[in-house]
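Novice: Here you go, protein_8.cif (mmCIF, C-alpha atoms):
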data_target
loop_
_atom_site.label_atom_id
_atom_site.label_comp_id
_atom_site.auth_asym_id
_atom_site.auth_seq_id
_atom_site.Cartn_x
_atom_site.Cartn_y
_atom_site.Cartn_z
CA MET A 18 0.00 0.00 0.00
CA ALA A 19 1.40 3.34 -1.04
CA PHE A 20 2.06 6.02 1.61
CA THR A 21 0.25 9.24 1.05
CA ARG A 22 0.87 12.62 2.77
CA PRO A 23 -2.09 14.24 4.57
CA THR A 24 -4.12 16.41 2.43
CA GLY A 25 -3.99 20.15 2.80
CA LYS A 26 -1.22 22.73 2.59
CA HIS A 27 2.24 21.20 2.27
CA ARG A 28 4.52 21.84 5.24
CA ARG A 29 7.76 23.81 4.70
CA PRO A 30 11.00 21.85 4.98
CA SER A 31 12.70 22.09 8.33
CA ARG A 32 15.43 24.81 8.95
CA ALA A 33 18.16 22.20 8.86
CA VAL A 34 16.96 20.85 5.56
CA ARG A 35 16.66 24.33 4.09
CA ALA A 36 20.13 25.34 5.28
CA GLY A 37 21.67 22.18 3.85
CA ALA A 38 19.94 22.69 0.54
CA ASN A 39 20.88 26.31 0.39
CA ALA A 40 24.52 25.60 1.17
CA ALA A 41 24.61 22.91 -1.50
CA GLY A 42 22.97 25.26 -3.93
CA ILE A 43 25.35 28.04 -3.18
CA ALA A 44 28.30 25.76 -3.69
CA THR A 45 26.91 24.62 -7.02
CA LEU A 46 26.14 28.13 -8.15
CA ALA A 47 29.52 29.38 -7.08
CA ALA A 48 31.20 26.60 -9.02
CA THR A 49 29.29 27.41 -12.16
CA GLY A 50 29.56 31.20 -11.81
CA VAL A 51 25.81 31.63 -11.58
CA VAL A 52 25.67 33.38 -8.18
CA ALA A 53 26.58 36.75 -9.58
CA GLY A 54 23.83 36.54 -12.19
CA VAL A 55 20.83 35.50 -10.06
CA ALA A 56 18.11 38.12 -9.77
CA ALA A 57 15.89 38.62 -6.78
CA PRO A 58 12.59 38.19 -8.76
CA ALA A 59 13.60 34.67 -9.79
CA PHE A 60 13.81 33.62 -6.19
CA ALA A 61 10.67 35.52 -5.31
CA SER A 62 8.66 33.45 -7.75
CA ALA A 63 9.63 30.28 -5.94
CA GLY A 64 7.93 31.28 -2.71
CA ASP A 65 6.73 34.16 -0.56
CA ALA A 66 8.79 37.17 0.54
CA HIS A 67 9.63 35.58 3.85
CA GLN A 68 11.03 32.55 2.11
CA LEU A 69 13.29 34.81 -0.02
CA GLU A 70 14.70 36.54 3.04
CA ASP A 71 15.44 33.26 4.72
CA THR A 72 17.37 31.65 1.87
CA GLY A 73 20.95 30.49 2.46
CA LEU A 74 21.99 32.25 -0.75
CA THR A 75 21.22 35.70 0.68
CA LYS A 76 23.17 34.95 3.86
CA ALA A 77 26.11 33.60 1.89
CA VAL A 78 26.30 36.74 -0.26
CA VAL A 79 26.20 39.03 2.81
CA MET A 80 28.95 37.05 4.57
CA THR A 81 31.14 37.31 1.46
CA ASP A 82 30.81 41.12 1.44
CA ASP A 83 31.69 41.31 5.14
CA MET A 84 34.74 39.18 4.59
CA ALA A 85 35.83 41.43 1.74
CA ASP A 86 35.45 44.47 3.96
CA ASN A 87 37.43 42.78 6.73
CA LEU A 88 40.16 41.75 4.33
CA GLY A 89 40.33 45.29 2.98
CA ALA A 90 40.62 46.70 6.50
CA GLN A 91 43.31 44.18 7.35
CA ALA A 92 45.20 45.05 4.18
CA ALA A 93 44.97 48.75 4.99
CA THR A 94 46.22 48.12 8.53
CA GLN A 95 49.06 45.97 7.27
CA HIS A 96 49.95 48.61 4.69
CA ALA A 97 49.96 51.31 7.40
CA ASP A 98 52.10 49.13 9.67
CA ALA A 99 54.49 48.42 6.82
CA ALA A 100 54.69 52.15 6.07
CA LYS A 101 55.46 52.86 9.74
CA ASP A 102 58.13 50.16 9.82
CA GLN A 103 59.65 51.51 6.62
CA ALA A 104 59.60 55.07 7.98
CA ALA A 105 61.24 53.90 11.20
CA ALA A 106 63.88 51.98 9.25
CA ASP A 107 64.54 55.01 7.01
CA ALA A 108 64.84 57.29 10.06
CA LYS A 109 67.22 54.88 11.75
CA ARG A 110 69.32 54.58 8.58
CA GLN A 111 69.38 58.38 8.17
CA ALA A 112 70.41 58.82 11.83
CA ALA A 113 73.18 56.28 11.34
CA GLN A 114 74.41 58.15 8.25
CA ILE A 115 74.35 61.47 10.12
CA LYS A 116 76.28 59.95 13.02
CA LYS A 117 78.77 58.39 10.61
CA HIS A 118 79.39 61.72 8.88
CA ALA A 119 79.68 63.48 12.25
CA ASP A 120 82.19 60.89 13.49
CA GLU A 121 84.20 61.19 10.28
CA ALA A 122 84.20 64.98 10.55
CA LYS A 123 85.29 64.74 14.20
CA ARG A 124 88.11 62.33 13.35
CA LYS A 125 89.22 64.56 10.50
CA ALA A 126 89.18 67.66 12.71
CA GLU A 127 91.14 65.84 15.42
CA ALA A 128 93.69 64.63 12.88
CA GLU A 129 94.08 68.14 11.46
CA ARG A 130 94.41 69.59 14.96
CA ALA A 131 97.05 66.99 15.82
CA VAL A 132 98.99 67.86 12.67
CA LYS A 133 98.82 71.58 13.48
CA GLU A 134 99.87 71.01 17.08
CA ARG A 135 102.77 68.83 15.99
CA ALA A 136 103.83 71.45 13.45
CA ALA A 137 103.59 74.16 16.12
CA ARG A 138 105.73 72.09 18.51
CA ASP A 139 108.28 71.43 15.81
CA GLU A 140 108.36 75.12 14.94
CA GLU A 141 108.78 76.09 18.58
CA ARG A 142 111.50 73.49 19.08
CA LYS A 143 113.24 74.75 15.95
CA ARG A 144 112.92 78.32 17.13
CA LEU A 145 114.31 77.47 20.56
CA ASN A 146 117.22 75.62 18.99
CA THR A 147 117.98 78.55 16.70
CA PHE A 148 120.89 80.87 17.44
CA VAL A 149 121.23 84.46 16.30
CA LEU A 150 123.78 87.29 16.48
CA PRO A 151 123.72 89.24 19.74
CA ILE A 152 123.44 92.48 17.74
CA GLU A 153 121.61 92.27 14.45
CA GLY A 154 123.64 93.34 11.42
CA SER A 155 126.79 94.01 13.47
CA TYR A 156 130.34 92.73 12.98
CA VAL A 157 133.31 91.75 15.12
CA SER A 158 135.51 94.78 15.79
CA THR A 159 138.01 92.99 18.12
CA GLY A 160 138.68 89.28 17.78
CA TYR A 161 139.07 86.47 20.28
CA LYS A 162 142.49 86.18 22.02
CA ALA A 163 143.67 89.53 20.71
CA SER A 164 146.64 90.77 22.79
CA SER A 165 146.54 94.06 24.66
CA GLY A 166 147.40 95.58 28.02
CA LEU A 167 143.77 96.63 28.29
CA TRP A 168 142.89 93.14 29.62
CA SER A 169 144.18 91.76 32.88
CA SER A 170 144.77 88.34 31.35
CA GLY A 171 146.80 89.89 28.53
CA SER A 172 144.42 88.63 25.84
CA HIS A 173 140.81 89.12 24.86
CA THR A 174 138.50 86.50 26.41
CA GLY A 175 135.67 87.23 24.00
CA VAL A 176 134.86 89.30 20.94
CA ASP A 177 133.64 92.85 20.62
CA PHE A 178 130.65 93.62 18.41
CA HIS A 179 130.48 97.11 16.98
CA ALA A 180 127.50 99.01 18.43
CA GLU A 181 126.55 102.52 19.39
CA SER A 182 125.21 103.10 22.89
CA GLY A 183 121.55 102.16 23.19
CA THR A 184 121.64 99.44 20.51
CA SER A 185 119.37 96.47 21.24
CA VAL A 186 121.27 93.42 22.55
CA HIS A 187 119.66 89.99 22.05
CA ALA A 188 120.05 86.61 23.67
CA VAL A 189 121.82 84.44 21.09
CA GLY A 190 119.68 81.42 22.03
CA ALA A 191 117.21 79.98 24.51
CA GLY A 192 118.31 79.85 28.14
CA THR A 193 117.99 81.07 31.71
CA VAL A 194 119.58 84.19 33.17
CA VAL A 195 122.06 83.30 35.94
CA GLU A 196 123.64 86.74 36.39
CA ALA A 197 122.31 90.23 35.71
CA GLY A 198 124.07 93.26 37.21
CA TRP A 199 127.44 94.86 37.77
CA GLY A 200 130.39 92.72 36.66
CA GLY A 201 133.46 94.81 37.54
CA ALA A 202 135.59 95.42 34.43
CA TYR A 203 132.64 94.13 32.36
CA GLY A 204 130.43 96.92 33.68
CA ASN A 205 126.74 96.02 33.52
CA ASN A 206 126.70 92.43 32.31
CA ILE A 207 124.39 89.44 31.81
CA VAL A 208 125.30 85.74 31.92
CA ILE A 209 122.86 83.19 30.44
CA GLN A 210 122.93 79.42 30.84
CA MET A 211 122.00 78.11 27.41
CA ALA A 212 119.70 75.17 26.74
CA ASP A 213 122.69 73.02 25.68
CA GLY A 214 124.48 73.62 28.99
CA THR A 215 126.95 76.24 27.78
CA TYR A 216 126.99 79.89 28.88
CA THR A 217 127.05 83.24 27.09
CA GLN A 218 128.05 86.61 28.55
CA TYR A 219 127.15 90.16 27.43
CA GLY A 220 129.21 93.08 28.87
CA HIS A 221 129.47 96.88 29.00
CA LEU A 222 125.65 97.32 28.79
CA SER A 223 124.04 100.70 29.35
CA SER A 224 120.90 99.01 30.69
CA ILE A 225 119.68 95.53 31.65
CA ASP A 226 116.17 94.29 30.78
CA VAL A 227 116.16 90.84 32.44
CA THR A 228 116.49 89.39 35.95
CA VAL A 229 118.16 86.30 37.40
CA GLY A 230 116.01 83.19 36.90
CA GLN A 231 114.20 84.59 33.88
CA THR A 232 114.01 82.40 30.78
CA VAL A 233 114.81 83.96 27.42
CA THR A 234 114.29 82.95 23.82
CA PRO A 235 116.50 83.39 20.76
CA GLY A 236 116.54 87.00 19.60
CA GLN A 237 114.83 88.35 22.74
CA GLN A 238 116.10 91.77 23.82
CA ILE A 239 117.96 91.50 27.13
CA GLY A 240 119.49 94.98 27.34
CA LEU A 241 121.09 97.89 25.51
CA SER A 242 124.73 98.29 24.52
CA GLY A 243 126.86 100.92 26.19
CA ALA A 244 130.29 101.79 27.57
CA THR A 245 130.15 100.76 31.24
CA GLY A 246 133.16 99.12 32.91
CA ASN A 247 136.69 99.00 31.48
CA VAL A 248 136.21 100.30 27.93
CA THR A 249 137.51 102.90 25.49
CA GLY A 250 134.16 103.35 23.76
CA PRO A 251 130.68 101.86 23.35
CA HIS A 252 130.45 98.29 22.08
CA LEU A 253 129.21 94.86 23.17
CA HIS A 254 131.64 92.41 24.72
CA PHE A 255 130.39 88.85 24.04
CA GLU A 256 131.80 85.63 25.48
CA ALA A 257 131.00 81.91 25.18
CA ARG A 258 131.89 79.83 28.26
CA THR A 259 131.76 76.29 29.61
CA THR A 260 130.83 77.63 33.08
CA PRO A 261 129.30 80.91 34.26
CA ASN A 262 132.68 82.05 35.58
CA TYR A 263 135.48 84.11 34.12
CA GLY A 264 138.33 82.02 32.71
CA SER A 265 136.16 79.24 31.14
CA ASP A 266 135.91 81.06 27.83
CA ILE A 267 135.84 79.34 24.40
CA ASP A 268 136.06 80.82 20.91
CA PRO A 269 132.74 82.74 20.58
CA VAL A 270 132.88 82.95 16.77
CA ALA A 271 133.38 79.18 16.44
CA TYR A 272 130.62 78.73 19.03
CA LEU A 273 128.11 80.80 17.07
CA ARG A 274 129.05 79.16 13.78
CA ALA A 275 128.63 75.71 15.36
CA HIS A 276 125.06 76.76 16.18
CA GLY A 277 124.29 77.84 12.64
CA VAL A 278 124.98 81.57 12.88
CA ALA A 279 126.61 83.11 9.82
CA ILE A 280 129.40 85.37 11.09
#
Once more with this new file: its structure as structure tokens, please.
Specialist:
Amino acid sequence: MAFTRPTGKHRRPSRAVRAGANAAGIATLAATGVVAGVAAPAFASAGDAHQLEDTGLTKAVVMTDDMADNLGAQAATQHADAAKDQAAADAKRQAAQIKKHADEAKRKAEAERAVKERAARDEERKRLNTFVLPIEGSYVSTGYKASSGLWSSGSHTGVDFHAESGTSVHAVGAGTVVEAGWGGAYGNNIVIQMADGTYTQYGHLSSIDVTVGQTVTPGQQIGLSGATGNVTGPHLHFEARTTPNYGSDIDPVAYLRAHGVAI
């Protein structure tokens, strides 16, 4: 005997059945490319308005749009994050370049300063090791070891440089003043201990410009020439010695020449 459904209005399929059918339909339509072309009236003809709103197809289309929006937002966020990361990386790289250039400039400046300081030290050392004439542009008027009754030893213990009274007298090299004042027959005189351990003496000065213990440099004015002491006229008596005392004299012309002075 054949089974027959009760007469009357057919019942709607259950929600589970409808959802399963709709999902299967959506999958089929999506595979065939039909979803995009389905029109609302076609579905409306298959049932009432409520049935159209409740179809799985409508829900599936809405979920797809939401997913697209979410994906777009995620992409925008990722793009913004990537832009921030790139900006941070660029800033870090730029800062590193700036620091590198600053360090290079600092090293260069330090190297240049070191070169200048070394050159200045060399120049100062050269200047301090330089010897000059005690009176610029003068000449020897009485030589070393010249014989005369004018000197108690019977011979000249230094050389005389021609000079009028008041002519500037210079230290022949760098040293320290060990005597500055009256020297008997030498009149006003100055004795300087030179940097190399020798001594130089300047006699018959009209005035003295330095004091004992003072350091002097080559060419520095130490006094003015004159005619004090045992003299017959103004000039500068100059001696080179191995000690600060009288009687330790050495040839002053040879001494100056040995230190590079043209005389």
Novice: Fewer than 2 positions away in the same chain doesn't count, so skip those; otherwise give me all residues within 9 Å of A:Asp266, counting only C-alpha atoms, as a list in words.
Specialist: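 Contacts, with the query itself left out: Thr174, Gly175, Glu256, Ala257, Arg258, Thr259, Thr260, Asn262, Tyr263, Gly264, Asp268 and Pro269 of chain A.
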Novice: Which residues are near A:Ala279? Cut-off 9 Å, all atoms listed in the file, ignore same chain within fewer than 4 positions. Put them as a PyMOL selection string.
Specialist: chain A and resi 149-150+273-274
Novice: Between atom CA of A:Gly277 and atom CA of A:Phe255, what is the spacing in Å?
Specialist: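 Atom CA of A:Gly277 lies at a distance of 17.0 Å from atom CA of A:Phe255.
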Novice: Report as a list of chain:residue names the residues that result from applying the PyMOL selection byres ((chain A and resi 177-184) around 7) to the structure here.
Specialist: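 That selection, the PyMOL selection byres ((chain A and resi 177-184) around 7), comes back as A:Ser155, A:Tyr156, A:Val157, A:Ser158, A:Thr159, A:Gly160, A:Gly175, A:Val176, A:Ser185, A:Val186, A:Ser223, A:Leu241, A:Ser242, A:Gly243, A:Pro251, A:His252, A:Leu253, A:His254, A:Phe255.
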Novice: So, with all atoms listed in the file as the atoms that count, which of A:Gly154, A:Gln218, A:Asn205, A:Gly200 lies closest to A:Ile280?
Specialist: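 Result for the nearest residue to A:Ile280: A:Gly154.
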Novice: Hey, what's within 12 Å of A:Pro235 if we count all atoms listed in the file and toss same-chain stuff fewer than 5 positions away? As a list in words, please?
Specialist: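 In the requested form, the answer reads Glu141, Arg142, Lys143, Arg144, Leu145, Asn146, Thr147, Phe148, Val149, Leu150, Pro151, Ile152, Val186, His187, Ala188, Val189, Gly190, Ala191, Gly192, Thr193, Ile209, Met211, Ala212, His276 and Val278 of chain A.
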Novice: For a quick check of understanding, using only C-alpha atoms, which of A:Gly250, A:Gly171, A:Gly89, A:Gly198 has the smallest distance to A:Tyr219?
Specialist: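 Checking each of A:Gly250, A:Gly171, A:Gly89, A:Gly198 against A:Tyr219, counting only C-alpha atoms, the winner is A:Gly198.
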Novice: Could you check how far atom CA of A:Gln237 sits from atom CA of A:Val208, in Å to one decimal?
Specialist: 14.2 Å
Novice: In Å, rounded to a single decimal, give me how far atom CA of A:His118 is from atom CA of A:Val132.
Specialist: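 The value is 20.9 Å.
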Novice: Show me the residues around (122.9, 92.1, 40.6) - criterion: an atom at most 12 Å away, only C-alpha atoms counted - as a list in words.
Specialist: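 Collected hits near the coordinates: Val194, Val195, Glu196, Ala197, Gly198, Trp199, Gly200, Gly201, Gly204, Asn205, Asn206, Ile207, Val208, Ile225, Val227, Thr228, Val229 and Gly230 of chain A.
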Novice: Counting all atoms listed in the file, which of A:Ala126, A:Ala275, A:Ile267, A:Leu88 gets nearest to A:Tyr161?
Specialist: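 Answer, going by the shortest atom-to-atom distance: A:Ile267.
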